[in-house]
There are 4 protein chains.
Amino acid sequence: MHFSSDNWAGAHPQVSAALAGAAAGSDPAYGSGAIDARVAETFSRIFEREVAVFFVATGTAANALALSLHSKPGTVAFCHREAHVIEDECGAPEFFADAQRLCPVDGAEGRIDPESLRAAVERYAPKFVHSGRPGPVTITQATEAGTVYGLDHIAAIGDVARAHGLALHMDGARFANALVSLDATPAEMTWKRGVDMVSFGGTKNGCWCAEAVVLFDATMTEEMGFRRKRAAQLFSKSRFIAAQFEAYFRDGLWLETARHANAMAARLAGHFRAARDARLGWEPQANEVFAILDKAAAEKAQAAGATFYPWHAPHGFGGTIGDGEELYRFVTSFATTAEEVDRFGAVIGA
Amino acid sequence: MHFSSDNWAGAHPQVSAALAGAAAGSDPAYGSGAIDARVAETFSRIFEREVAVFFVATGTAANALALSLHSKPGTVAFCHREAHVIEDECGAPEFFADAQRLCPVDGAEGRIDPESLRAAVERYAPKFVHSGRPGPVTITQATEAGTVYGLDHIAAIGDVARAHGLALHMDGARFANALVSLDATPAEMTWKRGVDMVSFGGTKNGCWCAEAVVLFDATMTEEMGFRRKRAAQLFSKSRFIAAQFEAYFRDGLWLETARHANAMAARLAGHFRAARDARLGWEPQANEVFAILDKAAAEKAQAAGATFYPWHAPHGFGGTIGDGEELYRFVTSFATTAEEVDRFGAVIGA
Amino acid sequence: MHFSSDNWAGAHPQVSAALAGAAAGSDPAYGSGAIDARVAETFSRIFEREVAVFFVATGTAANALALSLHSKPGTVAFCHREAHVIEDECGAPEFFADAQRLCPVDGAEGRIDPESLRAAVERYAPKFVHSGRPGPVTITQATEAGTVYGLDHIAAIGDVARAHGLALHMDGARFANALVSLDATPAEMTWKRGVDMVSFGGTKNGCWCAEAVVLFDATMTEEMGFRRKRAAQLFSKSRFIAAQFEAYFRDGLWLETARHANAMAARLAGHFRAARDARLGWEPQANEVFAILDKAAAEKAQAAGATFYPWHAPHGFGGTIGDGEELYRFVTSFATTAEEVDRFGAVIGA
Amino acid sequence: MHFSSDNWAGAHPQVSAALAGAAAGSDPAYGSGAIDARVAETFSRIFEREVAVFFVATGTAANALALSLHSKPGTVAFCHREAHVIEDECGAPEFFADAQRLCPVDGAEGRIDPESLRAAVERYAPKFVHSGRPGPVTITQATEAGTVYGLDHIAAIGDVARAHGLALHMDGARFANALVSLDATPAEMTWKRGVDMVSFGGTKNGCWCAEAVVLFDATMTEEMGFRRKRAAQLFSKSRFIAAQFEAYFRDGLWLETARHANAMAARLAGHFRAARDARLGWEPQANEVFAILDKAAAEKAQAAGATFYPWHAPHGFGGTIGDGEELYRFVTSFATTAEEVDRFGAVIGA
């Protein structure tokens, strides 16, 4: 009954086996080997266009490097008020972008409101040096609230960015979970809606450590190469990432694991709907479920072996959290089983 | 016949197996899990004192983070003229230390000369803001020239650092190769000789990706924790590093692989001594061999399938490189076989 | 009728004369000359304790250097939502502090609410590396809204800072205007209420260029010296700043010019109260007046030679701004005359 | 007998008078006023082309901002081994350029040798991320050794820079002294020889504080505007710099003061040639004289009221400094008198 985070899981057996298989033999280092080349082609195939792919160590690195790419002195980047980049990355985006500021933007259920974004961007008059200048926009898909941006919503954000000449980045730490939730293609969810850069995460969805920056603008390749190296994010034995991604993409494993995680979240949500001592905070759309529990019930569940964390109510939350209650987050993964979900359901009286 | 670098090898089978074994089950993320705790204890046992250990993605990250720890605005760090930090890290040490400068110091065969270091440090008068202020000293063990600092040499460097209140860092990308070369203990080669911080590398010696900063001063633990996270170097599924290190240390595997790599280098050196078309540049002490080859001979070897790189003659090199000749570097690893070394020997007419 | 800003004025005749008087003769550079020493003593006398004084080029430099002094990787500084540091300094505070973030805090009429500050600080759990860690707090006195923090209010902010081990900085670009408004002493308005560092501005109140960082903690002197130099803010002919401050403080000139500017603001406010086409936004307490004008009336005033800017309504503004109306800022200075204030009053129908 | 530095002098009376004259009246802030506009035009006239001018607080700021303009992550800038940027600016160039490295280049008498520069630049292979990438080149005119680059020498440096696509910067802290020494025009000494950016110094030559970045590439104007503001180098009452420059350029005052300073240096050199207890280190070409004195003689001169500093022998210095002797630097300025030079000559037995 581990619902603390999808990064508490280990690696999927097929990823693990692929890694073991890649361990033998000599291969050029720093990403110039054979497996790396194959995986780069796979990324281009998946996104239906030529893309530049850069493996990095963490999702934070992917976000921070991507956002830095369009940063200059005095630049302000725009993110949701509760985005991972501003809440959970210890200032890495500012650091990698040489002190770029993050401007929080409002929006309900973890999604940036396009009109709020437009207003935030338009506070920066062109060439007015005092206030700084607008820079990249970043959205998180799936969001930190377990919701998913619809394709039109992404396009609306993309329109605001494009109208002001700003790059649009997608933090895809849970890219696959959002993708299968929308039943869309990677191209439809990204560059066809105005996205320029993706932090493509595989770690939470079955890999050990497989994060990549994907750029749709190939002219940025040389620049990103230097930035990644300066950030100490260029792996020498790069094939150990490539081998994970190779297994991840083979036969659609990544979509299968994401569908499983989302299904487990839906099953858990069903238990909350039926529970005596708990209720859903809002409808989940990917692999995170937010629920309000009586604190005593939460403690009982924890005593029974369940792990999960309390959470801040997000911006625009319309519900009420009573005395003696608290909002909690529950995350499912490729490794979550129906059995443990149901066992948890029993504990909370569903 | 792959002698390009020890990072062209994959992972040792025992490391690979351990990683596969760790893939199942749920475990707390970000380094707070069970395997991480066990490995942290192992590090303390190996170094014969309580140490703080921080896993990071690359050797460059370990170096840059360690050097940043004692950095302030206007700080100058001291390294060998040909150190990896100044030659091969794309400015990461300056970046992580918020623009700290690296001051190159002379010394023969890749080792800093203690008197040159003293002179370099003493150019910085206390409180004289114009020149900046002296910061950490870093040495590479084994060096980039394939040599090893003797214990007394380390102590002499440590004395200079200590006399000026400066921290001493050891870049141990090839820590194990140096250790077995000296037949010393980790404690003898580090803190007992004045070293405060180690970049402890496992990647080149049999792991996929296993690099760590080791601090002997536990009061720096909290500070390093924030620095690592800000540098986007905190792995979520940290146990994938821990599992590699666990296998690496089990039953002395790390010493065994290092001894093997060094032995292969010695064997290769023997071939150069006997060769018709090549000669040793200088005596190797770890797992890197530098040799001067007739360019035609080098091309012939490459045509036969050997991989290796040309190299700059190091500071203080007393030999001569004739017309039509060039200096090359040959690196051996845990995966190098006697058979391929001997096959190469045959190609160069040994 | 120039009300655009107090930095549109030139220099006070006494400051100008002092500067001319200091032009002759040779004197040690970089702040070690005789005038600098005298002025440093004057600062200590004025603040009734030993202080460390650092001249810098701009108020932005003073703010950014002071805030950087207590910054570490991942630090978050706290300022009012409309503070100059976050609205008008193009990211200098983040840059000087090596990417420190600024966290905006709410509060009516330009003043930070102590309870909002406490809540903002307490979102950062000790040692939780993901969110970053709390750093210095900064308040602006007088505020950007032309109001002044009362002494108890400063003490309340100081209490929150002290309780969490955070340094408290005061942006005193209009220090003198606030001081005479409160009829307090510099000591009462700063360190006796918990302030650790002051950006002490003389430029807006009669100097050409006279800004200083004042530190109440002398142990920071060496560190600030290096930081100022690295920021390219150490003047060689430092006495040209010192000479301005010498005249500024002589015979209480600085208090006199501030009282004059405040009196002119009060006179202007009187006109707004009496005006046909305008009304006060809120009560001014220093040398800035905010008023709501019919846009046509504003244009008529501008056509008559008045200069002033539109302004954003501040957080917590309770008034209404009708269609065809706009909020404007009017700033007075040592050089503003009663005649021009009254002439403006006539234009707006007072 | 003050020969410590040209920045020990105050301001020239005409500069001082102009500043006093500009003190009255209201004028737009931040460089958009009338005097600023006039001075910008004067710069363009003096350089015989449209230039962009940015006033800053210090020569260090001018250097650091100019060098930052062509900096990217992993960039290495090239300067003379003894340049002010690397010896005397406390890391400001690295800081302003977000951690750019400075690579020291050899050359006799303070001037970069073009072939050494070419070799230094060519160590950076295109797109090889490990080593970093080459960035701007900076030369100092007049040099820190009191010598001057000839026009052909500048052109040779410019050719190397241009061949590798690198920008060329001139640190002109003593621009006027070099200019009159060469009897050249500003255009001939800069952009006609391949210089892209100048740190134009007026402070050492008669102003209080008058430093500017001059850009010959107007497309960089917007970028530099944001960089200057972020570096806290945008003066609010900018006309106080402009007024100094206006007097500085009026009727060729700047050339006159520079000729005077150079003449005083030549007079002093004559005394050293004739002296009993001292000898010239090498021939001066601007307003700095380096001489070897018996230490006892130096102490006697200091006891008689002379001020001057010991100096490091520069790279490539061919002379000998005996036991009991030391190399000293003597700097003259617009304010140095023939009388004090001759008085000093008498002290050293000329």
# chains A, B, ... in the order shown; residues from 1 in each chain; ligands from 1

$ residues_around --residues "range 199-212 of chain D" --least-positions-apart "3" --cutoff "9 Å" --atoms "only C-alpha atoms" --output "ChimeraX atom specification"
/C:23,235-240 /D:5-16,53-63,66,169-177,240-242,244-245,248,254,257-258,261,333-335

$ write_last_selection --atoms "C-alpha atoms" --output "PDB file, in the first residue's frame"
ATOM      1  CA  ALA C  23      38.309  67.869  -6.269  1.00  0.00           C
ATOM      2  CA  PHE C 235      34.717  53.253  -6.767  1.00  0.00           C
ATOM      3  CA  SER C 236      38.352  54.195  -7.243  1.00  0.00           C
ATOM      4  CA  LYS C 237      37.856  57.888  -6.482  1.00  0.00           C
ATOM      5  CA  SER C 238      35.579  56.953  -3.610  1.00  0.00           C
ATOM      6  CA  ARG C 239      35.881  60.391  -2.039  1.00  0.00           C
ATOM      7  CA  PHE C 240      33.458  61.740  -4.645  1.00  0.00           C
TER       8      PHE C 240
ATOM      9  CA  SER D   5      48.035  55.706  -9.034  1.00  0.00           C
ATOM     10  CA  ASP D   6      46.261  58.085 -11.357  1.00  0.00           C
ATOM     11  CA  ASN D   7      43.128  57.410  -9.378  1.00  0.00           C
ATOM     12  CA  TRP D   8      44.539  59.167  -6.306  1.00  0.00           C
ATOM     13  CA  ALA D   9      43.916  62.481  -8.069  1.00  0.00           C
ATOM     14  CA  GLY D  10      40.588  64.275  -7.667  1.00  0.00           C
ATOM     15  CA  ALA D  11      38.733  65.820 -10.592  1.00  0.00           C
ATOM     16  CA  HIS D  12      39.928  68.358 -13.124  1.00  0.00           C
ATOM     17  CA  PRO D  13      38.584  71.858 -12.381  1.00  0.00           C
ATOM     18  CA  GLN D  14      36.721  72.023 -15.678  1.00  0.00           C
ATOM     19  CA  VAL D  15      35.037  68.690 -14.974  1.00  0.00           C
ATOM     20  CA  SER D  16      34.188  69.833 -11.489  1.00  0.00           C
ATOM     21  CA  VAL D  53      27.324  54.204 -25.143  1.00  0.00           C
ATOM     22  CA  PHE D  54      26.545  52.862 -21.668  1.00  0.00           C
ATOM     23  CA  PHE D  55      27.742  54.720 -18.604  1.00  0.00           C
ATOM     24  CA  VAL D  56      28.775  52.483 -15.701  1.00  0.00           C
ATOM     25  CA  ALA D  57      30.257  52.998 -12.258  1.00  0.00           C
ATOM     26  CA  THR D  58      33.723  51.530 -12.640  1.00  0.00           C
ATOM     27  CA  GLY D  59      36.219  50.316 -15.184  1.00  0.00           C
ATOM     28  CA  THR D  60      35.734  46.848 -13.784  1.00  0.00           C
ATOM     29  CA  ALA D  61      32.046  47.115 -14.570  1.00  0.00           C
ATOM     30  CA  ALA D  62      32.766  48.246 -18.121  1.00  0.00           C
ATOM     31  CA  ASN D  63      35.139  45.341 -18.695  1.00  0.00           C
ATOM     32  CA  ALA D  66      31.473  44.097 -22.275  1.00  0.00           C
ATOM     33  CA  HIS D 169      37.346  44.129 -26.555  1.00  0.00           C
ATOM     34  CA  MET D 170      39.701  46.937 -25.552  1.00  0.00           C
ATOM     35  CA  ASP D 171      40.099  47.839 -21.892  1.00  0.00           C
ATOM     36  CA  GLY D 172      40.645  51.556 -22.281  1.00  0.00           C
ATOM     37  CA  ALA D 173      41.044  52.587 -18.658  1.00  0.00           C
ATOM     38  CA  ARG D 174      43.942  54.664 -20.037  1.00  0.00           C
ATOM     39  CA  PHE D 175      42.502  55.047 -23.535  1.00  0.00           C
ATOM     40  CA  ALA D 176      43.479  58.705 -23.874  1.00  0.00           C
ATOM     41  CA  ASN D 177      47.046  58.117 -22.712  1.00  0.00           C
ATOM     42  CA  PHE D 240      26.146  63.455 -13.389  1.00  0.00           C
ATOM     43  CA  ILE D 241      28.264  61.135 -15.545  1.00  0.00           C
ATOM     44  CA  ALA D 242      27.237  62.835 -18.768  1.00  0.00           C
ATOM     45  CA  GLN D 244      31.664  65.013 -16.629  1.00  0.00           C
ATOM     46  CA  PHE D 245      32.139  63.548 -20.085  1.00  0.00           C
ATOM     47  CA  TYR D 248      36.074  66.026 -20.621  1.00  0.00           C
ATOM     48  CA  TRP D 254      40.852  64.851 -22.476  1.00  0.00           C
ATOM     49  CA  THR D 257      45.262  66.030 -19.759  1.00  0.00           C
ATOM     50  CA  ALA D 258      46.534  62.782 -21.253  1.00  0.00           C
ATOM     51  CA  ALA D 261      50.289  62.930 -17.796  1.00  0.00           C
ATOM     52  CA  SER D 333      48.154  62.037 -13.987  1.00  0.00           C
ATOM     53  CA  PHE D 334      46.604  65.262 -15.183  1.00  0.00           C
ATOM     54  CA  ALA D 335      47.330  66.626 -11.711  1.00  0.00           C
TER      55      ALA D 335
END

$ residues_around --residues "Ile154 in chain A" --least-positions-apart "6" --cutoff "8 Å" --atoms "only C-alpha atoms" --output "PyMOL selection string"
chain A and resi 189+193-194

$ write_last_selection --atoms "C-alpha atoms" --output "PDB file, in the first residue's frame"
ATOM      1  CA  MET A 189       0.136  16.838 -27.253  1.00  0.00           C
ATOM      2  CA  ARG A 193      -0.134  22.601 -29.998  1.00  0.00           C
ATOM      3  CA  GLY A 194       2.812  25.016 -29.794  1.00  0.00           C
TER       4      GLY A 194
END

$ interface_residues --of "chain D" --to "chain A" --cutoff "7 Å" --atoms "only C-alpha atoms" --output "list of chain:residue names"
D:Pro73, D:Gly74, D:Asp98, D:Lys127, D:Val129, D:His130, D:Glu222, D:Gly225, D:Phe226, D:Arg227, D:Lys229, D:Arg230

$ select_by_dssp --residues "range 106-350 of chain A" --states "strand (DSSP E)" --output "PyMOL selection string"
chain A and resi 133-140+168-172+197-201+211-215+278-280+288-294+309-310+325-331

$ select_by_dssp --residues "range 122-182 of chain D" --states "helix (DSSP H, G or I)" --output "PyMOL selection string"
chain D and resi 122+151-163+175-182

$ residues_around --residues "Arg273 in chain D" --least-positions-apart "2" --cutoff "12 Å" --atoms "only C-alpha atoms" --output "number ranges by chain"
D: 266-271, 275-284, 289-293, 345, 348-350

$ write_last_selection --atoms "N, CA, C and O atoms" --output "compact mmCIF listing (two decimals), in the first residue's frame"
# COMPACT_ATOMS: atom_id res chain seq x y z
N ALA D 266 57.33 60.87 -18.94
CA ALA D 266 58.59 60.94 -19.68
C ALA D 266 59.64 61.71 -18.88
O ALA D 266 60.83 61.35 -18.86
N ARG D 267 59.20 62.76 -18.22
CA ARG D 267 60.11 63.57 -17.40
C ARG D 267 60.67 62.72 -16.24
O ARG D 267 61.86 62.75 -15.95
N LEU D 268 59.76 61.96 -15.66
CA LEU D 268 60.17 61.08 -14.56
C LEU D 268 61.14 60.01 -15.07
O LEU D 268 62.16 59.72 -14.41
N ALA D 269 60.86 59.48 -16.23
CA ALA D 269 61.75 58.47 -16.81
C ALA D 269 63.14 59.06 -17.02
O ALA D 269 64.17 58.40 -16.80
N GLY D 270 63.17 60.31 -17.45
CA GLY D 270 64.46 60.98 -17.61
C GLY D 270 65.24 61.01 -16.31
O GLY D 270 66.46 60.76 -16.27
N HIS D 271 64.54 61.28 -15.23
CA HIS D 271 65.21 61.29 -13.92
C HIS D 271 65.75 59.90 -13.59
O HIS D 271 66.84 59.77 -13.04
N ALA D 275 69.56 58.69 -12.71
CA ALA D 275 69.66 58.53 -11.25
C ALA D 275 70.84 57.68 -10.81
O ALA D 275 71.31 56.81 -11.54
N ARG D 276 71.24 57.91 -9.63
CA ARG D 276 72.33 57.19 -8.99
C ARG D 276 71.80 55.86 -8.42
O ARG D 276 72.41 54.80 -8.62
N ASP D 277 70.65 55.91 -7.77
CA ASP D 277 70.14 54.77 -6.99
C ASP D 277 68.97 54.06 -7.67
O ASP D 277 68.21 53.35 -7.00
N ALA D 278 68.81 54.30 -8.92
CA ALA D 278 67.63 53.73 -9.60
C ALA D 278 67.89 53.63 -11.09
O ALA D 278 68.79 54.27 -11.61
N ARG D 279 67.09 52.77 -11.75
CA ARG D 279 67.16 52.71 -13.22
C ARG D 279 65.80 52.30 -13.78
O ARG D 279 65.00 51.63 -13.10
N LEU D 280 65.55 52.70 -15.00
CA LEU D 280 64.29 52.36 -15.66
C LEU D 280 64.18 50.85 -15.85
O LEU D 280 65.16 50.19 -16.24
N GLY D 281 62.98 50.31 -15.62
CA GLY D 281 62.76 48.89 -15.92
C GLY D 281 62.68 48.69 -17.42
O GLY D 281 63.29 47.79 -17.98
N TRP D 282 61.92 49.52 -18.07
CA TRP D 282 61.79 49.53 -19.53
C TRP D 282 61.20 50.88 -19.92
O TRP D 282 60.79 51.65 -19.06
N GLU D 283 61.19 51.14 -21.21
CA GLU D 283 60.76 52.46 -21.67
C GLU D 283 59.24 52.64 -21.52
O GLU D 283 58.47 51.81 -22.00
N PRO D 284 58.83 53.70 -20.88
CA PRO D 284 57.39 53.95 -20.77
C PRO D 284 56.84 54.53 -22.07
O PRO D 284 57.57 55.22 -22.80
N VAL D 289 55.46 54.54 -15.23
CA VAL D 289 56.90 54.32 -15.31
C VAL D 289 57.27 53.21 -14.33
O VAL D 289 56.82 53.24 -13.18
N PHE D 290 58.03 52.24 -14.80
CA PHE D 290 58.48 51.15 -13.93
C PHE D 290 59.99 51.28 -13.77
O PHE D 290 60.72 51.40 -14.77
N ALA D 291 60.43 51.26 -12.54
CA ALA D 291 61.85 51.47 -12.27
C ALA D 291 62.32 50.54 -11.17
O ALA D 291 61.52 50.11 -10.31
N ILE D 292 63.60 50.20 -11.25
CA ILE D 292 64.21 49.35 -10.22
C ILE D 292 65.00 50.26 -9.29
O ILE D 292 65.86 51.02 -9.73
N LEU D 293 64.65 50.17 -8.02
CA LEU D 293 65.31 51.02 -7.04
C LEU D 293 65.97 50.15 -5.98
O LEU D 293 65.45 49.08 -5.62
N GLY D 345 62.99 63.53 -8.48
CA GLY D 345 64.28 63.29 -9.15
C GLY D 345 65.45 63.64 -8.24
O GLY D 345 66.44 62.90 -8.15
N ILE D 348 66.10 60.96 -5.59
CA ILE D 348 66.76 59.72 -6.02
C ILE D 348 68.11 59.99 -6.68
O ILE D 348 68.70 59.11 -7.32
N GLY D 349 68.55 61.20 -6.55
CA GLY D 349 69.92 61.49 -7.01
C GLY D 349 70.06 61.63 -8.50
O GLY D 349 71.12 61.30 -9.08
N ALA D 350 69.01 62.09 -9.14
CA ALA D 350 69.11 62.29 -10.60
C ALA D 350 69.83 63.61 -10.89
O ALA D 350 69.90 64.49 -10.03

$ atom_distance --atom1 "CA of Ser181 in chain D" --atom2 "CA of Ser116 in chain D"
25.5 Å

$ closest_residue --among "A:Leu117, A:His70, A:Ile321, A:Ala346" --to "Lys300 in chain A" --atoms "only C-alpha atoms"
A:Ala346

$ residues_around --residues "range 314-316 of chain D" --least-positions-apart "4" --cutoff "10 Å" --atoms "only C-alpha atoms" --output "list of chain:residue names"
D:His80, D:Arg81, D:Glu82, D:Asp106, D:Gly107, D:Ala108, D:Glu109, D:Gly110, D:Arg111, D:Glu144, D:Ala145

$ write_last_selection --atoms "all heavy atoms" --output "PDB file, in the first residue's frame"
ATOM      1  N   HIS D  80      45.540  39.044 -21.557  1.00  0.00           N
ATOM      2  CA  HIS D  80      46.956  38.928 -21.235  1.00  0.00           C
ATOM      3  C   HIS D  80      47.111  38.389 -19.812  1.00  0.00           C
ATOM      4  O   HIS D  80      46.266  38.653 -18.946  1.00  0.00           O
ATOM      5  CB  HIS D  80      47.643  40.295 -21.340  1.00  0.00           C
ATOM      6  CG  HIS D  80      49.129  40.202 -21.221  1.00  0.00           C
ATOM      7  ND1 HIS D  80      49.789  40.302 -20.016  1.00  0.00           N
ATOM      8  CD2 HIS D  80      50.081  39.976 -22.150  1.00  0.00           C
ATOM      9  CE1 HIS D  80      51.086  40.159 -20.220  1.00  0.00           C
ATOM     10  NE2 HIS D  80      51.295  39.967 -21.513  1.00  0.00           N
ATOM     11  N   ARG D  81      48.164  37.651 -19.613  1.00  0.00           N
ATOM     12  CA  ARG D  81      48.465  37.052 -18.314  1.00  0.00           C
ATOM     13  C   ARG D  81      48.419  38.043 -17.158  1.00  0.00           C
ATOM     14  O   ARG D  81      48.116  37.679 -16.018  1.00  0.00           O
ATOM     15  CB  ARG D  81      49.857  36.431 -18.412  1.00  0.00           C
ATOM     16  CG  ARG D  81      50.408  35.763 -17.182  1.00  0.00           C
ATOM     17  CD  ARG D  81      51.692  35.030 -17.521  1.00  0.00           C
ATOM     18  NE  ARG D  81      51.436  33.960 -18.465  1.00  0.00           N
ATOM     19  CZ  ARG D  81      50.762  32.836 -18.179  1.00  0.00           C
ATOM     20  NH1 ARG D  81      50.273  32.651 -16.974  1.00  0.00           N
ATOM     21  NH2 ARG D  81      50.576  31.938 -19.102  1.00  0.00           N
ATOM     22  N   GLU D  82      48.750  39.298 -17.430  1.00  0.00           N
ATOM     23  CA  GLU D  82      48.786  40.304 -16.352  1.00  0.00           C
ATOM     24  C   GLU D  82      47.691  41.353 -16.489  1.00  0.00           C
ATOM     25  O   GLU D  82      47.795  42.433 -15.900  1.00  0.00           O
ATOM     26  CB  GLU D  82      50.165  40.991 -16.350  1.00  0.00           C
ATOM     27  CG  GLU D  82      51.274  40.061 -15.899  1.00  0.00           C
ATOM     28  CD  GLU D  82      52.511  40.178 -16.782  1.00  0.00           C
ATOM     29  OE1 GLU D  82      52.592  41.150 -17.559  1.00  0.00           O
ATOM     30  OE2 GLU D  82      53.386  39.302 -16.683  1.00  0.00           O
ATOM     31  N   ASP D 106      50.207  34.678 -23.079  1.00  0.00           N
ATOM     32  CA  ASP D 106      51.516  35.308 -22.895  1.00  0.00           C
ATOM     33  C   ASP D 106      51.776  36.440 -23.877  1.00  0.00           C
ATOM     34  O   ASP D 106      51.082  36.585 -24.882  1.00  0.00           O
ATOM     35  CB  ASP D 106      52.614  34.246 -23.071  1.00  0.00           C
ATOM     36  CG  ASP D 106      52.658  33.291 -21.901  1.00  0.00           C
ATOM     37  OD1 ASP D 106      52.194  33.666 -20.808  1.00  0.00           O
ATOM     38  OD2 ASP D 106      53.136  32.156 -22.090  1.00  0.00           O
ATOM     39  N   GLY D 107      52.833  37.177 -23.566  1.00  0.00           N
ATOM     40  CA  GLY D 107      53.266  38.268 -24.427  1.00  0.00           C
ATOM     41  C   GLY D 107      54.151  39.213 -23.627  1.00  0.00           C
ATOM     42  O   GLY D 107      53.878  39.482 -22.456  1.00  0.00           O
ATOM     43  N   ALA D 108      55.197  39.724 -24.264  1.00  0.00           N
ATOM     44  CA  ALA D 108      56.160  40.575 -23.564  1.00  0.00           C
ATOM     45  C   ALA D 108      55.603  41.976 -23.335  1.00  0.00           C
ATOM     46  O   ALA D 108      54.745  42.448 -24.084  1.00  0.00           O
ATOM     47  CB  ALA D 108      57.456  40.645 -24.369  1.00  0.00           C
ATOM     48  N   GLU D 109      56.099  42.633 -22.309  1.00  0.00           N
ATOM     49  CA  GLU D 109      55.785  44.034 -22.005  1.00  0.00           C
ATOM     50  C   GLU D 109      54.290  44.305 -21.935  1.00  0.00           C
ATOM     51  O   GLU D 109      53.823  45.362 -22.356  1.00  0.00           O
ATOM     52  CB  GLU D 109      56.444  44.953 -23.042  1.00  0.00           C
ATOM     53  CG  GLU D 109      57.967  44.899 -22.942  1.00  0.00           C
ATOM     54  CD  GLU D 109      58.647  46.023 -23.719  1.00  0.00           C
ATOM     55  OE1 GLU D 109      58.106  46.420 -24.748  1.00  0.00           O
ATOM     56  OE2 GLU D 109      59.722  46.486 -23.276  1.00  0.00           O
ATOM     57  N   GLY D 110      53.560  43.324 -21.445  1.00  0.00           N
ATOM     58  CA  GLY D 110      52.141  43.552 -21.202  1.00  0.00           C
ATOM     59  C   GLY D 110      51.243  43.418 -22.404  1.00  0.00           C
ATOM     60  O   GLY D 110      50.024  43.597 -22.289  1.00  0.00           O
ATOM     61  N   ARG D 111      51.803  43.095 -23.559  1.00  0.00           N
ATOM     62  CA  ARG D 111      50.984  42.989 -24.776  1.00  0.00           C
ATOM     63  C   ARG D 111      50.818  41.520 -25.165  1.00  0.00           C
ATOM     64  O   ARG D 111      51.785  40.760 -25.188  1.00  0.00           O
ATOM     65  CB  ARG D 111      51.646  43.717 -25.941  1.00  0.00           C
ATOM     66  CG  ARG D 111      51.912  45.195 -25.742  1.00  0.00           C
ATOM     67  CD  ARG D 111      52.493  45.769 -27.038  1.00  0.00           C
ATOM     68  NE  ARG D 111      53.182  47.030 -26.804  1.00  0.00           N
ATOM     69  CZ  ARG D 111      54.499  47.142 -26.564  1.00  0.00           C
ATOM     70  NH1 ARG D 111      55.267  46.069 -26.494  1.00  0.00           N
ATOM     71  NH2 ARG D 111      55.041  48.326 -26.377  1.00  0.00           N
ATOM     72  N   GLU D 144      48.990  47.287 -18.722  1.00  0.00           N
ATOM     73  CA  GLU D 144      49.335  47.369 -17.292  1.00  0.00           C
ATOM     74  C   GLU D 144      50.831  47.592 -17.085  1.00  0.00           C
ATOM     75  O   GLU D 144      51.266  47.897 -15.978  1.00  0.00           O
ATOM     76  CB  GLU D 144      48.917  46.085 -16.578  1.00  0.00           C
ATOM     77  CG  GLU D 144      47.423  45.836 -16.561  1.00  0.00           C
ATOM     78  CD  GLU D 144      46.668  46.916 -15.817  1.00  0.00           C
ATOM     79  OE1 GLU D 144      47.029  47.236 -14.678  1.00  0.00           O
ATOM     80  OE2 GLU D 144      45.715  47.467 -16.411  1.00  0.00           O
ATOM     81  N   ALA D 145      51.610  47.399 -18.144  1.00  0.00           N
ATOM     82  CA  ALA D 145      53.055  47.621 -18.053  1.00  0.00           C
ATOM     83  C   ALA D 145      53.447  49.009 -18.552  1.00  0.00           C
ATOM     84  O   ALA D 145      54.634  49.294 -18.736  1.00  0.00           O
ATOM     85  CB  ALA D 145      53.801  46.543 -18.843  1.00  0.00           C
TER      86      ALA D 145
END

$ residues_around --residues "Cys79 in chain C" --least-positions-apart "3" --cutoff "8 Å" --atoms "only C-alpha atoms" --output "list in words"
Ala83, Val85, Ile86, Leu102, Cys103, Pro104, Val105, Ile112, Val137, Thr138 and Ile139 of chain C

$ residues_around --residues "Ala167 in chain B" --least-positions-apart "4" --cutoff "8 Å" --atoms "only C-alpha atoms" --output "compact mmCIF listing (two decimals) with C-alpha atoms, in the first residue's frame"
# COMPACT_ATOMS: atom_id res chain seq x y z
CA HIS B 70 34.21 26.35 0.20
CA GLY B 135 39.94 28.92 -1.92
CA PRO B 136 40.09 25.14 -2.14
CA VAL B 137 42.95 23.10 -3.57
CA ALA B 161 46.47 23.99 2.21
CA ARG B 162 46.18 23.75 5.97
CA VAL B 195 42.28 15.62 2.37
CA ASP B 196 38.87 17.08 3.31
CA MET B 197 36.69 16.01 0.41
